[in-house]
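Undergrad: Handing over run-v7.cif, mmCIF, C-alpha atoms.
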data_entry
#
loop_
_atom_site.label_atom_id
_atom_site.label_comp_id
_atom_site.auth_asym_id
_atom_site.auth_seq_id
_atom_site.Cartn_x
_atom_site.Cartn_y
_atom_site.Cartn_z
CA MET T 1 -45.58 288.75 -3.33
CA ILE T 2 -49.22 287.64 -3.03
CA ARG T 3 -51.36 288.17 -6.08
CA ILE T 4 -54.30 290.42 -5.12
CA PRO T 5 -57.36 289.32 -7.07
CA ALA T 6 -59.11 291.96 -9.14
CA VAL T 7 -62.67 292.87 -8.20
CA GLU T 8 -64.97 291.43 -10.84
CA ALA T 9 -68.70 291.87 -11.26
CA ILE T 10 -71.10 288.98 -10.89
CA PRO T 11 -72.69 288.43 -14.33
CA PRO T 12 -76.30 289.64 -14.40
CA GLY T 13 -79.05 287.13 -13.77
CA ILE T 14 -77.04 284.85 -11.47
CA VAL T 15 -79.05 284.31 -8.30
CA SER T 16 -78.33 280.65 -7.47
CA LEU T 17 -75.58 278.06 -7.63
CA ALA T 18 -77.35 276.49 -10.61
CA ASP T 19 -77.11 279.82 -12.42
CA HIS T 20 -73.39 279.92 -11.69
CA GLU T 21 -72.99 276.45 -13.20
CA GLN T 22 -74.94 277.32 -16.33
CA HIS T 23 -72.98 280.52 -16.89
CA ALA T 24 -69.63 278.85 -16.19
CA ARG T 25 -70.18 276.48 -19.10
CA SER T 26 -69.69 279.43 -21.44
CA ARG T 27 -66.53 280.51 -19.61
CA LEU T 28 -64.73 277.16 -19.54
CA ASP T 29 -63.37 275.35 -22.57
CA ASP T 30 -64.24 271.70 -23.24
CA ASN T 31 -61.01 270.52 -21.61
CA ALA T 32 -61.64 272.33 -18.31
CA TRP T 33 -65.36 271.57 -18.33
CA ALA T 34 -64.74 267.84 -18.69
CA TYR T 35 -62.35 267.95 -15.74
CA PHE T 36 -64.43 270.02 -13.36
CA ALA T 37 -67.97 268.94 -14.28
CA GLY T 38 -67.44 265.31 -15.20
CA GLY T 39 -67.79 262.19 -13.09
CA ALA T 40 -66.76 258.57 -13.30
CA ALA T 41 -68.06 256.20 -15.97
CA ASP T 42 -71.82 256.67 -16.57
CA GLU T 43 -72.00 259.40 -13.90
CA ILE T 44 -74.74 257.59 -11.99
CA THR T 45 -73.27 258.55 -8.63
CA LEU T 46 -72.66 262.10 -9.82
CA ARG T 47 -76.38 262.47 -10.54
CA ALA T 48 -77.45 260.51 -7.46
CA ASN T 49 -75.63 262.92 -5.14
CA ARG T 50 -77.84 265.76 -6.30
CA GLU T 51 -81.05 263.75 -6.53
CA ALA T 52 -80.69 262.42 -2.99
CA TRP T 53 -80.82 265.91 -1.45
CA ASP T 54 -83.81 266.78 -3.64
CA ASN T 55 -85.69 263.72 -2.43
CA ILE T 56 -85.37 264.64 1.25
CA LEU T 57 -88.25 266.81 2.44
CA LEU T 58 -88.16 269.42 5.17
CA SER T 59 -90.68 269.95 7.93
CA ALA T 60 -91.78 273.58 8.18
CA ARG T 61 -92.54 274.87 11.68
CA VAL T 62 -94.30 278.04 12.77
CA LEU T 63 -94.43 280.54 15.62
CA ARG T 64 -91.02 279.61 17.01
CA ARG T 65 -88.88 282.27 18.70
CA LEU T 66 -85.98 282.99 16.36
CA VAL T 67 -84.52 286.27 17.63
CA GLY T 68 -80.79 285.97 18.23
CA GLY T 69 -80.39 282.99 15.92
CA HIS T 70 -77.09 282.26 14.21
CA THR T 71 -75.19 279.65 12.18
CA ARG T 72 -72.10 279.33 14.41
CA LEU T 73 -70.64 275.97 15.37
CA GLN T 74 -67.65 274.44 17.13
CA LEU T 75 -65.39 272.18 15.07
CA LEU T 76 -61.98 270.81 16.06
CA GLY T 77 -61.64 273.42 18.78
CA ARG T 78 -62.56 276.42 16.64
CA THR T 79 -65.67 278.53 16.30
CA LEU T 80 -66.88 278.71 12.71
CA ALA T 81 -69.27 281.42 11.50
CA HIS T 82 -71.22 278.88 9.46
CA PRO T 83 -70.98 275.21 8.44
CA VAL T 84 -69.79 275.59 4.82
CA LEU T 85 -66.21 274.86 3.75
CA LEU T 86 -64.53 274.85 0.34
CA ALA T 87 -63.54 271.31 -0.60
CA PRO T 88 -60.15 270.55 -2.16
CA VAL T 89 -60.28 271.03 -5.93
CA ALA T 90 -57.13 270.67 -8.02
CA PHE T 91 -55.76 272.93 -10.74
CA GLN T 92 -58.06 275.90 -10.14
CA ARG T 93 -56.07 278.09 -12.50
CA MET T 94 -57.85 276.19 -15.28
CA ALA T 95 -60.99 278.06 -14.16
CA HIS T 96 -59.44 281.48 -13.52
CA ALA T 97 -55.96 283.00 -13.62
CA ASP T 98 -56.09 283.79 -9.89
CA GLY T 99 -56.85 280.16 -9.09
CA GLU T 100 -56.64 279.08 -5.46
CA ILE T 101 -55.56 282.56 -4.34
CA ALA T 102 -58.98 283.90 -5.34
CA SER T 103 -60.73 281.06 -3.52
CA ALA T 104 -58.70 281.77 -0.39
CA TYR T 105 -59.55 285.47 -0.38
CA ALA T 106 -63.23 284.62 -0.88
CA ALA T 107 -63.22 282.05 1.91
CA ALA T 108 -61.56 284.53 4.27
CA MET T 109 -64.03 287.25 3.29
CA GLN T 110 -67.01 284.99 3.98
CA GLY T 111 -65.70 283.24 7.11
CA ALA T 112 -65.64 279.90 5.34
CA GLY T 113 -63.17 277.09 5.81
CA LEU T 114 -60.78 276.21 2.99
CA VAL T 115 -59.19 272.85 2.20
CA LEU T 116 -56.30 273.28 -0.25
CA SER T 117 -55.67 270.43 -2.66
CA SER T 118 -52.28 268.73 -2.82
CA GLN T 119 -52.64 269.31 -6.56
CA ALA T 120 -53.22 273.04 -6.24
CA SER T 121 -51.92 275.17 -9.06
CA MET T 122 -50.71 277.93 -6.70
CA PRO T 123 -48.04 277.67 -3.96
CA LEU T 124 -49.46 276.62 -0.62
CA GLU T 125 -47.64 279.46 1.20
CA GLN T 126 -49.31 282.11 -0.96
CA VAL T 127 -52.73 280.56 -0.41
CA ALA T 128 -52.11 280.50 3.34
CA GLN T 129 -50.99 284.13 3.38
CA ALA T 130 -54.16 285.16 1.53
CA MET T 131 -56.29 283.36 4.11
CA LEU T 132 -54.52 283.76 7.44
CA GLY T 133 -54.55 287.55 7.57
CA GLU T 134 -58.33 287.77 8.01
CA ALA T 135 -59.39 287.73 11.65
CA THR T 136 -62.86 286.30 10.94
CA ARG T 137 -61.67 283.57 8.58
CA GLY T 138 -62.65 279.94 8.84
CA PRO T 139 -60.21 277.04 9.28
CA LEU T 140 -57.38 276.45 6.81
CA TRP T 141 -56.72 272.78 6.09
CA PHE T 142 -54.43 270.94 3.69
CA GLN T 143 -55.62 267.96 1.66
CA LEU T 144 -53.05 265.21 1.42
CA TYR T 145 -52.59 262.45 -1.09
CA PHE T 146 -50.00 259.97 0.07
CA GLN T 147 -47.19 260.05 -2.49
CA HIS T 148 -45.20 256.99 -3.53
CA ASP T 149 -42.19 258.53 -1.81
CA ARG T 150 -42.95 258.67 1.93
CA GLY T 151 -40.00 260.98 2.53
CA PHE T 152 -41.53 263.49 0.13
CA THR T 153 -44.90 263.04 1.83
CA ARG T 154 -43.32 263.88 5.19
CA GLU T 155 -41.68 266.99 3.74
CA LEU T 156 -44.98 268.09 2.19
CA VAL T 157 -46.74 267.74 5.54
CA GLN T 158 -43.99 269.73 7.27
CA HIS T 159 -44.22 272.35 4.54
CA ALA T 160 -47.96 272.74 5.18
CA GLU T 161 -47.46 272.91 8.94
CA ALA T 162 -44.86 275.64 8.61
CA ALA T 163 -47.15 277.67 6.34
CA GLY T 164 -49.92 277.70 8.97
CA TYR T 165 -52.31 274.97 7.87
CA GLU T 166 -54.33 273.74 10.82
CA ALA T 167 -55.35 270.19 9.88
CA LEU T 168 -54.66 267.50 7.31
CA VAL T 169 -57.45 266.07 5.19
CA VAL T 170 -56.26 262.73 3.85
CA THR T 171 -58.13 261.55 0.78
CA VAL T 172 -58.53 257.80 1.22
CA ASP T 173 -60.99 256.86 -1.54
CA ALA T 174 -58.77 257.31 -4.58
CA PRO T 175 -55.83 254.87 -4.65
CA SER T 176 -56.64 254.94 -8.36
CA SER T 177 -58.37 257.52 -10.51
CA GLY T 178 -61.86 256.68 -11.66
CA VAL T 179 -62.83 255.85 -15.24
CA ARG T 180 -63.67 259.35 -16.46
CA ASP T 181 -65.21 259.08 -19.89
CA ARG T 182 -65.72 262.80 -20.38
CA GLU T 183 -62.01 263.47 -19.90
CA ARG T 184 -61.06 260.64 -22.24
CA ARG T 185 -63.40 261.90 -24.95
CA VAL T 186 -61.85 265.37 -24.99
CA GLY T 187 -58.31 264.04 -24.53
CA PHE T 188 -57.89 265.96 -21.28
CA LYS T 189 -54.51 267.49 -20.58
CA LEU T 190 -53.29 270.25 -18.30
CA PRO T 191 -52.84 273.55 -20.13
CA GLU T 192 -49.31 274.82 -20.55
CA GLY T 193 -48.09 276.59 -17.42
CA ILE T 194 -50.50 274.86 -15.05
CA SER T 195 -49.22 272.09 -12.79
CA ALA T 196 -49.33 270.73 -9.25
CA VAL T 197 -46.73 273.24 -8.10
CA ASN T 198 -46.57 271.94 -4.52
CA LEU T 199 -45.55 268.50 -5.76
CA ALA T 200 -42.57 269.82 -7.70
CA GLY T 201 -39.50 267.82 -6.78
CA LEU T 202 -41.39 264.56 -6.24
CA PRO T 203 -39.04 261.81 -7.45
CA PRO T 204 -40.48 259.65 -10.22
CA PRO T 205 -41.63 256.20 -9.12
CA LYS T 206 -39.17 253.41 -9.64
CA PRO T 207 -39.89 251.45 -12.82
CA VAL T 208 -41.51 248.08 -12.22
CA SER T 209 -40.83 245.14 -14.48
CA LEU T 210 -44.00 243.09 -14.87
CA ALA T 211 -44.39 239.55 -16.08
CA PRO T 212 -47.11 238.96 -18.70
CA HIS T 213 -49.47 237.54 -16.08
CA GLN T 214 -49.10 240.48 -13.70
CA SER T 215 -51.45 243.44 -13.35
CA ARG T 216 -50.30 247.01 -13.96
CA MET T 217 -52.86 248.05 -11.35
CA PHE T 218 -52.30 245.62 -8.49
CA ASP T 219 -48.62 244.80 -9.03
CA ALA T 220 -47.41 248.31 -9.91
CA LEU T 221 -49.66 251.30 -9.25
CA LEU T 222 -51.16 250.08 -5.98
CA THR T 223 -47.92 248.94 -4.38
CA SER T 224 -47.59 252.41 -2.78
CA ALA T 225 -51.30 252.88 -1.98
CA PRO T 226 -51.83 253.85 1.68
CA THR T 227 -53.30 251.55 4.31
CA TRP T 228 -54.35 252.01 7.93
CA ALA T 229 -50.71 251.57 8.86
CA ASP T 230 -49.89 254.73 6.92
CA ILE T 231 -52.44 256.70 8.93
CA GLU T 232 -50.62 255.56 12.04
CA TRP T 233 -47.31 256.60 10.43
CA LEU T 234 -48.75 260.00 9.56
CA LYS T 235 -49.84 260.58 13.15
CA GLY T 236 -46.21 260.09 14.12
CA VAL T 237 -44.85 262.77 11.78
CA THR T 238 -47.37 265.59 12.31
CA ARG T 239 -48.86 267.53 15.20
CA LEU T 240 -51.93 268.45 13.13
CA PRO T 241 -55.38 266.90 13.46
CA ILE T 242 -56.11 264.34 10.75
CA LEU T 243 -59.43 263.93 8.97
CA LEU T 244 -60.11 261.10 6.53
CA LYS T 245 -61.98 262.11 3.39
CA GLY T 246 -63.84 259.49 1.40
CA VAL T 247 -65.36 257.32 4.14
CA MET T 248 -68.55 255.64 2.87
CA HIS T 249 -68.87 252.51 5.02
CA GLN T 250 -69.75 252.15 8.70
CA ASP T 251 -66.86 249.78 9.42
CA ASP T 252 -64.36 252.18 7.87
CA ALA T 253 -65.83 254.95 10.01
CA ARG T 254 -65.32 252.82 13.12
CA PHE T 255 -61.76 252.01 12.02
CA ALA T 256 -61.12 255.75 11.66
CA VAL T 257 -62.12 256.32 15.27
CA VAL T 258 -60.08 253.36 16.54
CA ASN T 259 -57.04 254.40 14.51
CA GLY T 260 -57.04 257.90 15.96
CA ALA T 261 -58.39 260.01 13.11
CA ASP T 262 -59.78 263.29 14.43
CA GLY T 263 -62.75 263.35 12.05
CA ILE T 264 -64.12 261.98 8.80
CA ILE T 265 -65.64 263.39 5.64
CA VAL T 266 -68.40 261.33 4.10
CA SER T 267 -67.57 261.64 0.42
CA ASN T 268 -67.69 259.69 -2.82
CA HIS T 269 -65.26 262.12 -4.44
CA GLY T 270 -68.12 263.96 -6.10
CA GLY T 271 -68.89 260.85 -8.15
CA ARG T 272 -65.43 261.01 -9.74
CA THR T 273 -63.91 257.70 -8.60
CA LEU T 274 -66.18 254.65 -8.26
CA ASP T 275 -69.48 254.95 -10.11
CA THR T 276 -72.72 253.45 -8.70
CA VAL T 277 -71.75 253.90 -5.06
CA PRO T 278 -74.56 255.48 -3.02
CA ALA T 279 -75.16 259.17 -2.68
CA THR T 280 -73.51 260.69 0.38
CA ALA T 281 -76.88 261.86 1.74
CA ARG T 282 -77.99 258.23 1.93
CA VAL T 283 -74.84 257.06 3.70
CA LEU T 284 -74.48 259.93 6.16
CA PRO T 285 -76.99 258.75 8.83
CA CYS T 286 -75.36 255.30 9.01
CA ILE T 287 -71.93 256.86 9.44
CA ARG T 288 -73.15 259.13 12.22
CA GLU T 289 -74.71 256.17 14.01
CA ALA T 290 -71.46 254.21 13.70
CA VAL T 291 -69.23 256.87 15.29
CA GLY T 292 -71.56 258.34 17.88
CA LYS T 293 -72.87 261.85 18.44
CA ALA T 294 -69.68 263.66 19.46
CA TYR T 295 -67.27 262.62 16.68
CA PRO T 296 -66.69 265.22 13.90
CA VAL T 297 -68.42 264.19 10.67
CA LEU T 298 -68.55 266.34 7.54
CA VAL T 299 -70.13 265.58 4.18
CA ASP T 300 -69.85 266.70 0.57
CA GLY T 301 -71.39 265.71 -2.74
CA GLY T 302 -74.22 267.44 -4.63
CA ILE T 303 -74.89 270.28 -2.18
CA ARG T 304 -76.36 273.19 -4.15
CA ARG T 305 -78.83 274.92 -1.81
CA GLY T 306 -78.98 276.17 1.74
CA THR T 307 -81.77 273.68 2.27
CA ASP T 308 -79.26 270.93 1.44
CA VAL T 309 -76.97 272.21 4.19
CA LEU T 310 -79.83 272.09 6.69
CA LYS T 311 -80.71 268.56 5.57
CA ALA T 312 -77.08 267.45 5.97
CA ILE T 313 -77.01 268.73 9.55
CA ALA T 314 -80.34 267.05 10.28
CA LEU T 315 -78.85 263.77 9.02
CA GLY T 316 -75.87 264.04 11.33
CA ALA T 317 -73.21 266.23 9.73
CA ASN T 318 -71.38 268.93 11.67
CA ALA T 319 -70.57 270.82 8.47
CA VAL T 320 -70.53 270.46 4.68
CA LEU T 321 -68.08 271.04 1.86
CA ILE T 322 -68.76 272.23 -1.67
CA GLY T 323 -66.53 271.70 -4.69
CA ARG T 324 -67.86 272.25 -8.18
CA PRO T 325 -70.15 275.19 -7.25
CA TYR T 326 -67.34 277.44 -6.09
CA VAL T 327 -65.19 276.54 -9.11
CA TYR T 328 -68.06 277.71 -11.29
CA GLY T 329 -68.21 280.93 -9.28
CA LEU T 330 -64.45 281.26 -9.72
CA ALA T 331 -64.79 280.88 -13.49
CA ASN T 332 -67.53 283.50 -13.61
CA ALA T 333 -66.02 286.27 -11.49
CA GLY T 334 -62.86 285.18 -9.71
CA ALA T 335 -62.78 285.84 -5.98
CA MET T 336 -66.09 287.70 -6.13
CA GLY T 337 -67.71 284.71 -7.80
CA VAL T 338 -66.55 282.33 -5.07
CA SER T 339 -67.64 284.83 -2.42
CA HIS T 340 -71.06 285.09 -4.06
CA VAL T 341 -71.50 281.32 -4.02
CA LEU T 342 -70.69 281.19 -0.31
CA ARG T 343 -72.96 284.12 0.52
CA LEU T 344 -75.85 282.57 -1.40
CA LEU T 345 -75.52 279.31 0.51
CA ARG T 346 -75.29 281.03 3.88
CA ASP T 347 -78.27 283.28 3.19
CA GLU T 348 -80.32 280.34 1.96
CA LEU T 349 -79.36 278.31 5.04
CA GLU T 350 -80.52 281.08 7.37
CA ILE T 351 -83.81 281.38 5.50
CA ALA T 352 -84.34 277.61 5.64
CA MET T 353 -83.54 277.56 9.36
CA ALA T 354 -86.04 280.32 10.05
CA LEU T 355 -88.80 278.60 8.07
CA CYS T 356 -88.10 275.29 9.83
CA GLY T 357 -88.23 277.01 13.22
CA CYS T 358 -84.53 276.53 13.99
CA ALA T 359 -82.72 279.49 15.55
CA THR T 360 -79.37 277.68 15.74
CA LEU T 361 -77.72 274.67 14.19
CA ALA T 362 -78.25 272.84 17.48
CA ASP T 363 -82.00 273.14 16.90
CA ILE T 364 -81.74 271.16 13.66
CA SER T 365 -82.50 267.47 14.14
CA ALA T 366 -84.16 264.52 12.47
CA ASP T 367 -87.46 266.22 13.39
CA SER T 368 -86.56 268.94 10.88
CA LEU T 369 -87.13 266.37 8.12
CA PHE T 370 -90.56 265.27 6.91
CA ASN T 371 -91.08 261.53 7.12
#
Represent the supplied structure as structure tokens.

TA:
Amino acid sequence: MIRIPAVEAIPPGIVSLADHEQHARSRLDDNAWAYFAGGAADEITLRANREAWDNILLSARVLRRLVGGHTRLQLLGRTLAHPVLLAPVAFQRMAHADGEIASAYAAAMQGAGLVLSSQASMPLEQVAQAMLGEATRGPLWFQLYFQHDRGFTRELVQHAEAAGYEALVVTVDAPSSGVRDRERRVGFKLPEGISAVNLAGLPPPKPVSLAPHQSRMFDALLTSAPTWADIEWLKGVTRLPILLKGVMHQDDARFAVVNGADGIIVSNHGGRTLDTVPATARVLPCIREAVGKAYPVLVDGGIRRGTDVLKAIALGANAVLIGRPYVYGLANAGAMGVSHVLRLLRDELEIAMALCGCATLADISADSLFN
């Protein structure tokens, strides 16, 4: 049976994503806050993601005809109501008891796409059932980490296909976790009763005997890290489109096209893996130039306003994903909190479009930015 989220009120005074973040700090304990809010090392990239959007200026236009405007777009053969998707975020039950189920109901309610994490804390079938019943929903995708056991990885993919997921989002920028000081300071651990339920049954990795001169990283952990050959293997075991999440270099973007990926997500993992890499807003135009105009390119990292969404599209993105903001909404008011975050972004995007003289997303271009 699917858990139906309770209707919760949005706390008073919350009118922006920043308000949601500030209020969520009082709702999450130090353990959960370190996990959701923290970044890698000195968190330079975490801060840079946000600052980069702030430093891009918009060009306001006047007296344009805007009647009949909309935020619809075509992506991977589907019509989306707007260009905002929920990024994969693990262990959402640390933020709210309804976890990923609440996020799925909110996404369906607001016509947003949802990417479910491999490390979700709710069964993937239940999340799919919560999402798929809504006629005006956005796309439902499954985020995949390659597991050390390729047989288990194949079964996981087949499991997602059978449940109704419509694409695979393969995270390619995290063969290792980043150095997360905040988590280490609080001694992060998963609360009792919360786990990556969809990875249950994964066989433990075979023990590796290392000589004193060998590296635990390169000679043990990374021996099962995926390569381009694994993307080719994955194409052979699934009928679903494949997007690569974590592409930050033009050559990797070109390799994605050549190797048959159906799209890429420009992402630095929200600043959670390698610190001091550039902000995604800075990389995005180079990636778009590398793959051409028609190839699907999405972006995440630091998006907190509808103006940021407009800027991302002007820089070459087809759509954007948000992560931390909707988790903060989830912590504040469950499904209603996530829905509120999505509605705020969409409303702000429409306002920004109108004030920049853009009736549709197709009207947004580099000319929408002030140089």

Undergrad: So which residues touch segment 182-199 of chain T within 9 Å, counting all atoms listed in the file, skipping near sequence neighbours fewer than 6 positions away, as a ChimeraX atom specification?

TA: /T:30-35,37-41,90-91,93-94,118-124,152,156

Undergrad: With a distance cut-off of 10 Å and only C-alpha atoms, select the neighbouring residues of Ala24 of chain T, excluding the residue or stretch itself and same-chain residues fewer than 2 positions from it, and output the selection as a PyMOL selection string.

TA: chain T and resi 18-22+26-29+33+95+325+327-333

Undergrad: Convert the output of the PyMOL selection byres ((chain T and resi 167-171) around 9) on the shown file into explicit residues, formatted as JSON, numbers by chain.

TA: {"T": [115, 139, 140, 141, 142, 143, 144, 145, 146, 157, 160, 161, 165, 166, 172, 173, 174, 175, 231, 239, 240, 241, 242, 243, 244, 245, 246, 264, 265, 269]}

Undergrad: Choose the residue, out of T:Ala200, T:Val266, T:Ala108, T:Ala162, that has the smallest atom-to-atom separation from Asn49 of chain T; count all atoms listed in the file.

TA: T:Val266

Undergrad: Evaluated on this file, the PyMOL selection byres ((chain T and resi 63-80) around 6) picks out some residues - which ones are they, written as number ranges by chain?

TA: T: 62, 81-82, 138, 357, 359-361

Undergrad: Any chance you could resolve the PyMOL selection byres ((chain T and resi 277) around 10) against this file and give the residues as an mmCIF file with C-alpha atoms, in the frame of the given file?

TA:
data_model
loop_
_atom_site.group_PDB
_atom_site.id
_atom_site.type_symbol
_atom_site.label_atom_id
_atom_site.label_comp_id
_atom_site.auth_asym_id
_atom_site.auth_seq_id
_atom_site.Cartn_x
_atom_site.Cartn_y
_atom_site.Cartn_z
ATOM 1 C CA ILE T 44 -74.740 257.590 -11.990
ATOM 2 C CA THR T 45 -73.270 258.550 -8.630
ATOM 3 C CA LEU T 46 -72.660 262.100 -9.820
ATOM 4 C CA ALA T 48 -77.450 260.510 -7.460
ATOM 5 C CA ASN T 49 -75.630 262.920 -5.140
ATOM 6 C CA MET T 248 -68.550 255.640 2.870
ATOM 7 C CA ASN T 268 -67.690 259.690 -2.820
ATOM 8 C CA GLY T 271 -68.890 260.850 -8.150
ATOM 9 C CA THR T 273 -63.910 257.700 -8.600
ATOM 10 C CA LEU T 274 -66.180 254.650 -8.260
ATOM 11 C CA ASP T 275 -69.480 254.950 -10.110
ATOM 12 C CA THR T 276 -72.720 253.450 -8.700
ATOM 13 C CA PRO T 278 -74.560 255.480 -3.020
ATOM 14 C CA ALA T 279 -75.160 259.170 -2.680
ATOM 15 C CA THR T 280 -73.510 260.690 0.380
ATOM 16 C CA VAL T 283 -74.840 257.060 3.700
#

Undergrad: Have segment 357-365 of chain T completed to all heavy atoms, please, and pass it along as an mmCIF file, keeping the file's coordinate frame.

TA:
data_model
loop_
_atom_site.group_PDB
_atom_site.id
_atom_site.type_symbol
_atom_site.label_atom_id
_atom_site.label_comp_id
_atom_site.auth_asym_id
_atom_site.auth_seq_id
_atom_site.Cartn_x
_atom_site.Cartn_y
_atom_site.Cartn_z
ATOM 1 N N GLY T 357 -88.133 276.740 11.793
ATOM 2 C CA GLY T 357 -88.230 277.010 13.220
ATOM 3 C C GLY T 357 -86.974 276.731 14.000
ATOM 4 O O GLY T 357 -87.025 276.455 15.203
ATOM 5 N N CYS T 358 -85.814 276.841 13.343
ATOM 6 C CA CYS T 358 -84.530 276.530 13.990
ATOM 7 C C CYS T 358 -83.706 277.803 14.118
ATOM 8 O O CYS T 358 -83.253 278.358 13.114
ATOM 9 C CB CYS T 358 -83.755 275.495 13.185
ATOM 10 S SG CYS T 358 -84.619 273.918 12.990
ATOM 11 N N ALA T 359 -83.499 278.267 15.340
ATOM 12 C CA ALA T 359 -82.720 279.490 15.550
ATOM 13 C C ALA T 359 -81.223 279.242 15.464
ATOM 14 O O ALA T 359 -80.460 280.138 15.119
ATOM 15 C CB ALA T 359 -83.071 280.104 16.905
ATOM 16 N N THR T 360 -80.788 278.022 15.789
ATOM 17 C CA THR T 360 -79.370 277.680 15.740
ATOM 18 C C THR T 360 -79.211 276.314 15.089
ATOM 19 O O THR T 360 -80.188 275.562 14.929
ATOM 20 C CB THR T 360 -78.741 277.638 17.140
ATOM 21 O OG1 THR T 360 -79.268 276.517 17.852
ATOM 22 C CG2 THR T 360 -79.030 278.920 17.912
ATOM 23 N N LEU T 361 -77.978 275.988 14.771
ATOM 24 C CA LEU T 361 -77.720 274.670 14.190
ATOM 25 C C LEU T 361 -78.065 273.563 15.171
ATOM 26 O O LEU T 361 -78.467 272.462 14.772
ATOM 27 C CB LEU T 361 -76.253 274.563 13.773
ATOM 28 C CG LEU T 361 -75.757 275.562 12.720
ATOM 29 C CD1 LEU T 361 -74.293 275.300 12.397
ATOM 30 C CD2 LEU T 361 -76.591 275.520 11.459
ATOM 31 N N ALA T 362 -77.925 273.838 16.458
ATOM 32 C CA ALA T 362 -78.250 272.840 17.480
ATOM 33 C C ALA T 362 -79.734 272.498 17.489
ATOM 34 O O ALA T 362 -80.131 271.435 17.977
ATOM 35 C CB ALA T 362 -77.806 273.330 18.848
ATOM 36 N N ASP T 363 -80.563 273.383 16.959
ATOM 37 C CA ASP T 363 -82.000 273.140 16.900
ATOM 38 C C ASP T 363 -82.386 272.215 15.752
ATOM 39 O O ASP T 363 -83.511 271.710 15.701
ATOM 40 C CB ASP T 363 -82.776 274.458 16.747
ATOM 41 C CG ASP T 363 -82.599 275.381 17.932
ATOM 42 O OD1 ASP T 363 -82.449 274.873 19.062
ATOM 43 O OD2 ASP T 363 -82.604 276.609 17.727
ATOM 44 N N ILE T 364 -81.467 272.010 14.815
ATOM 45 C CA ILE T 364 -81.740 271.160 13.660
ATOM 46 C C ILE T 364 -81.573 269.698 14.079
ATOM 47 O O ILE T 364 -80.565 269.328 14.670
ATOM 48 C CB ILE T 364 -80.790 271.492 12.486
ATOM 49 C CG1 ILE T 364 -80.959 272.952 12.073
ATOM 50 C CG2 ILE T 364 -81.054 270.577 11.306
ATOM 51 C CD1 ILE T 364 -79.911 273.415 11.057
ATOM 52 N N SER T 365 -82.545 268.887 13.764
ATOM 53 C CA SER T 365 -82.500 267.470 14.140
ATOM 54 C C SER T 365 -83.270 266.665 13.114
ATOM 55 O O SER T 365 -83.782 267.211 12.131
ATOM 56 C CB SER T 365 -83.110 267.272 15.522
ATOM 57 O OG SER T 365 -84.505 267.479 15.477
#
